[in-house]
>>> print(open('work-v1.cif').read())   # mmCIF, C-alpha atoms
data_work
#
loop_
_atom_site.label_atom_id
_atom_site.label_comp_id
_atom_site.auth_asym_id
_atom_site.auth_seq_id
_atom_site.Cartn_x
_atom_site.Cartn_y
_atom_site.Cartn_z
CA TYR A 1 30.91 3.83 -27.98
CA GLN A 2 33.69 3.91 -25.46
CA GLY A 3 33.37 6.02 -22.36
CA ASN A 4 33.54 6.34 -18.62
CA LEU A 5 30.36 4.88 -17.13
CA ASP A 6 30.74 7.15 -14.09
CA ASN A 7 29.91 10.10 -16.39
CA ASP A 8 26.61 10.95 -18.10
CA PHE A 9 25.86 8.59 -20.99
CA PRO A 10 25.88 10.19 -24.47
CA PHE A 11 22.41 8.88 -25.40
CA GLN A 12 18.91 10.31 -25.50
CA ASP A 13 16.23 9.50 -22.92
CA GLY A 14 14.47 6.22 -23.78
CA GLN A 15 16.76 5.54 -26.76
CA PHE A 16 17.10 1.79 -26.11
CA ASP A 17 14.59 -1.05 -25.78
CA SER A 18 16.99 -2.96 -23.56
CA VAL A 19 20.24 -2.32 -21.70
CA LEU A 20 22.71 -5.01 -20.63
CA ALA A 21 25.43 -4.50 -17.97
CA MET A 22 27.58 -7.60 -17.52
CA MET A 23 30.21 -7.65 -14.76
CA VAL A 24 30.83 -3.88 -14.77
CA VAL A 25 28.81 -2.37 -11.92
CA GLU A 26 31.19 -3.59 -9.23
CA HIS A 27 34.02 -1.64 -10.89
CA LEU A 28 32.26 1.73 -10.94
CA TYR A 29 33.10 4.63 -8.64
CA ASP A 30 29.46 5.76 -8.52
CA PRO A 31 27.16 2.84 -9.42
CA PHE A 32 24.06 4.83 -8.35
CA HIS A 33 24.73 7.42 -11.05
CA SER A 34 25.28 4.69 -13.65
CA MET A 35 22.05 2.91 -12.69
CA ALA A 36 20.16 6.20 -12.98
CA GLU A 37 21.66 6.72 -16.44
CA ILE A 38 20.72 3.17 -17.47
CA ALA A 39 17.15 3.82 -16.35
CA ARG A 40 17.13 7.12 -18.27
CA ILE A 41 18.32 5.69 -21.60
CA CYS A 42 16.05 2.62 -21.46
CA ARG A 43 12.54 3.23 -22.79
CA PRO A 44 9.63 3.00 -20.35
CA GLY A 45 8.69 -0.66 -20.08
CA GLY A 46 12.06 -1.69 -21.52
CA THR A 47 14.36 -4.39 -20.19
CA VAL A 48 17.45 -3.85 -18.04
CA ILE A 49 19.69 -6.82 -17.24
CA VAL A 50 22.51 -6.42 -14.70
CA ASN A 51 24.92 -9.22 -13.82
CA LEU A 52 27.24 -9.18 -10.78
CA PRO A 53 29.70 -11.77 -9.48
CA ASN A 54 28.29 -13.77 -6.58
CA ILE A 55 30.85 -13.17 -3.85
CA ALA A 56 28.46 -14.79 -1.35
CA SER A 57 28.47 -18.20 -3.04
CA ILE A 58 29.65 -21.14 -0.94
CA LYS A 59 32.74 -21.56 -3.15
CA CYS A 60 33.77 -17.93 -2.57
CA ARG A 61 33.06 -18.16 1.16
CA LEU A 62 35.30 -21.23 1.45
CA SER A 63 38.10 -19.42 -0.38
CA LEU A 64 37.80 -16.47 2.02
CA LEU A 65 37.76 -18.85 5.01
CA LEU A 66 41.02 -20.35 3.75
CA GLY A 67 42.56 -16.88 3.42
CA LYS A 68 42.39 -16.76 -0.39
CA MET A 69 40.74 -14.18 -2.63
CA PRO A 70 37.78 -15.81 -4.35
CA ILE A 71 37.74 -16.15 -8.13
CA THR A 72 34.50 -14.68 -9.47
CA SER A 73 35.20 -15.16 -13.18
CA SER A 74 37.05 -17.54 -15.45
CA ARG A 75 38.26 -17.85 -19.01
CA ASP A 76 35.95 -20.83 -19.70
#
>>> encode(input="work-v1.cif", output="structure tokens")
Amino acid sequence: YQGNLDNDFPFQDGQFDSVLAMMVVEHLYDPFHSMAEIARICRPGGTVIVNLPNIASIKCRLSLLLGKMPITSSRD
């Protein structure tokens, strides 16, 4: 499925045993709505895994201190 994650998800309540969101939450207009939708479509007792870039890491802080935008992902 392809869709806008700021909108309601086209799935039934509790349809999935697990939901994975990798490096997308920080790009959403309304992450609270998306998290509520993830909770809705994951079955009770299911697994939700969310991954975010660590902008607070020492490497990113040093980049910011030097006036550079930190790199939070790579092609490796």
>>> residues_around(input="work-v1.cif", residues="Leu52 in chain A", least_positions_apart="5", cutoff="9 Å", atoms="all atoms listed in the file", output="list in words")
Ala21, Met22, Met23, Val24, Val25 and Glu26 of chain A
>>> residues_around(input="work-v1.cif", residues="Val19 in chain A", least_positions_apart="6", cutoff="7 Å", atoms="all atoms listed in the file", output="JSON, numbers by chain")
{"A": [38, 42, 47, 48, 49]}
>>> resolve_selection(input="work-v1.cif", expression="the PyMOL selection byres ((chain A and resi 7) around 12)", output="list in words")
Gln2, Gly3, Asn4, Leu5, Asp6, Asp8, Phe9, Pro10, Phe11, Leu28, Tyr29, Asp30, Pro31, Phe32, His33, Ser34, Met35, Ala36, Glu37 and Ile38 of chain A
>>> atom_distance(input="work-v1.cif", atom1="CA of Arg43 in chain A", atom2="CA of Gln15 in chain A")
6.2 Å
>>> atom_distance(input="work-v1.cif", atom1="CA of Asn51 in chain A", atom2="CA of Leu66 in chain A")
26.3 Å
>>> closest_residue(input="work-v1.cif", among="A:Gly46, A:Ile41, A:Leu64, A:Pro53", to="Ser18 in chain A", atoms="only C-alpha atoms")
A:Gly46
>>> atom_distance(input="work-v1.cif", atom1="CA of Ser57 in chain A", atom2="CA of Pro70 in chain A")
9.7 Å
>>> axis_aligned_box(input="work-v1.cif", around="range 51-64 of chain A", padding_each_side="4 Å", output="lines of an AutoDock Vina configuration file")
center_x = 31.5
center_y = -15.4
center_z = -5.9
size_x = 21.2
size_y = 20.4
size_z = 23.8
>>> residues_around(input="work-v1.cif", residues="Ile55 in chain A", least_positions_apart="6", cutoff="12 Å", atoms="all atoms listed in the file", output="list in words")
Glu26, Arg61, Leu62, Ser63, Leu64, Met69, Pro70, Ile71, Thr72 and Ser73 of chain A
>>> decode(input="work-v1.cif", residues="range 6-37 of chain A", atoms="N, CA, C and O atoms", output="compact mmCIF listing (two decimals), in the first residue's frame")
# COMPACT_ATOMS: atom_id res chain seq x y z
N ASP A 6 -0.21 10.72 7.33
CA ASP A 6 -0.92 11.71 8.14
C ASP A 6 -2.43 11.50 8.06
O ASP A 6 -3.17 12.13 8.81
N ASN A 7 -2.88 10.63 7.18
CA ASN A 7 -4.31 10.32 7.05
C ASN A 7 -4.62 9.01 7.78
O ASN A 7 -3.71 8.30 8.20
N ASP A 8 -5.90 8.68 7.92
CA ASP A 8 -6.29 7.40 8.51
C ASP A 8 -5.73 6.26 7.67
O ASP A 8 -5.71 6.34 6.44
N PHE A 9 -5.28 5.20 8.33
CA PHE A 9 -4.73 4.04 7.63
C PHE A 9 -5.87 3.17 7.12
O PHE A 9 -6.86 2.98 7.82
N PRO A 10 -5.73 2.60 5.92
CA PRO A 10 -6.81 1.81 5.32
C PRO A 10 -6.83 0.36 5.79
O PRO A 10 -6.96 -0.57 4.99
N PHE A 11 -6.69 0.14 7.10
CA PHE A 11 -6.66 -1.21 7.65
C PHE A 11 -7.64 -1.33 8.80
O PHE A 11 -7.98 -0.34 9.44
N GLN A 12 -8.05 -2.56 9.08
CA GLN A 12 -8.98 -2.82 10.18
C GLN A 12 -8.28 -2.75 11.52
O GLN A 12 -7.06 -2.95 11.62
N ASP A 13 -9.05 -2.52 12.58
CA ASP A 13 -8.51 -2.53 13.94
C ASP A 13 -7.88 -3.89 14.23
O ASP A 13 -8.46 -4.94 13.93
N GLY A 14 -6.67 -3.89 14.79
CA GLY A 14 -6.01 -5.13 15.19
C GLY A 14 -5.65 -6.06 14.05
O GLY A 14 -5.47 -7.26 14.26
N GLN A 15 -5.50 -5.54 12.85
CA GLN A 15 -5.24 -6.38 11.68
C GLN A 15 -3.83 -6.98 11.67
O GLN A 15 -3.61 -8.04 11.09
N PHE A 16 -2.87 -6.35 12.33
CA PHE A 16 -1.48 -6.78 12.25
C PHE A 16 -0.94 -7.25 13.60
O PHE A 16 -1.26 -6.68 14.63
N ASP A 17 -0.09 -8.28 13.56
CA ASP A 17 0.59 -8.75 14.77
C ASP A 17 1.73 -7.82 15.16
O ASP A 17 2.09 -7.72 16.32
N SER A 18 2.33 -7.18 14.17
CA SER A 18 3.41 -6.25 14.44
C SER A 18 3.40 -5.13 13.40
O SER A 18 2.94 -5.31 12.28
N VAL A 19 3.90 -3.98 13.82
CA VAL A 19 3.99 -2.81 12.94
C VAL A 19 5.39 -2.24 13.10
O VAL A 19 5.89 -2.09 14.20
N LEU A 20 6.03 -1.91 11.98
CA LEU A 20 7.38 -1.40 11.96
C LEU A 20 7.39 -0.03 11.28
O LEU A 20 6.88 0.11 10.16
N ALA A 21 7.95 0.99 11.93
CA ALA A 21 8.07 2.33 11.36
C ALA A 21 9.54 2.74 11.46
O ALA A 21 10.03 3.09 12.53
N MET A 22 10.24 2.68 10.34
CA MET A 22 11.67 2.97 10.31
C MET A 22 11.94 4.32 9.65
O MET A 22 11.68 4.49 8.46
N MET A 23 12.43 5.26 10.43
CA MET A 23 12.87 6.56 9.92
C MET A 23 11.78 7.31 9.14
O MET A 23 12.05 7.91 8.10
N VAL A 24 10.55 7.26 9.63
CA VAL A 24 9.47 8.00 8.97
C VAL A 24 8.78 8.99 9.89
O VAL A 24 8.29 10.02 9.43
N VAL A 25 8.74 8.73 11.17
CA VAL A 25 7.96 9.54 12.11
C VAL A 25 8.40 11.00 12.09
O VAL A 25 7.58 11.91 12.15
N GLU A 26 9.70 11.24 11.97
CA GLU A 26 10.20 12.61 12.00
C GLU A 26 9.80 13.42 10.77
O GLU A 26 9.95 14.64 10.75
N HIS A 27 9.26 12.77 9.76
CA HIS A 27 8.84 13.45 8.53
C HIS A 27 7.33 13.73 8.50
O HIS A 27 6.85 14.36 7.56
N LEU A 28 6.61 13.29 9.50
CA LEU A 28 5.15 13.42 9.49
C LEU A 28 4.70 14.78 10.00
O LEU A 28 5.29 15.36 10.91
N TYR A 29 3.61 15.28 9.43
CA TYR A 29 3.01 16.53 9.88
C TYR A 29 2.37 16.34 11.25
O TYR A 29 2.49 17.18 12.12
N ASP A 30 1.67 15.22 11.43
CA ASP A 30 0.97 14.93 12.68
C ASP A 30 1.36 13.54 13.19
O ASP A 30 0.63 12.58 13.00
N PRO A 31 2.53 13.42 13.83
CA PRO A 31 2.97 12.10 14.29
C PRO A 31 2.05 11.50 15.36
O PRO A 31 1.97 10.29 15.48
N PHE A 32 1.33 12.33 16.12
CA PHE A 32 0.43 11.81 17.14
C PHE A 32 -0.72 11.03 16.50
O PHE A 32 -1.11 9.97 16.99
N HIS A 33 -1.23 11.54 15.39
CA HIS A 33 -2.30 10.83 14.67
C HIS A 33 -1.76 9.50 14.13
O HIS A 33 -2.41 8.46 14.25
N SER A 34 -0.58 9.53 13.56
CA SER A 34 0.02 8.31 12.99
C SER A 34 0.29 7.27 14.07
O SER A 34 0.04 6.08 13.86
N MET A 35 0.76 7.69 15.24
CA MET A 35 1.00 6.75 16.33
C MET A 35 -0.32 6.15 16.83
O MET A 35 -0.38 4.95 17.15
N ALA A 36 -1.37 6.95 16.86
CA ALA A 36 -2.69 6.43 17.25
C ALA A 36 -3.18 5.41 16.22
O ALA A 36 -3.75 4.37 16.59
N GLU A 37 -2.94 5.66 14.96
CA GLU A 37 -3.34 4.72 13.91
C GLU A 37 -2.52 3.43 14.00
O GLU A 37 -3.05 2.34 13.81
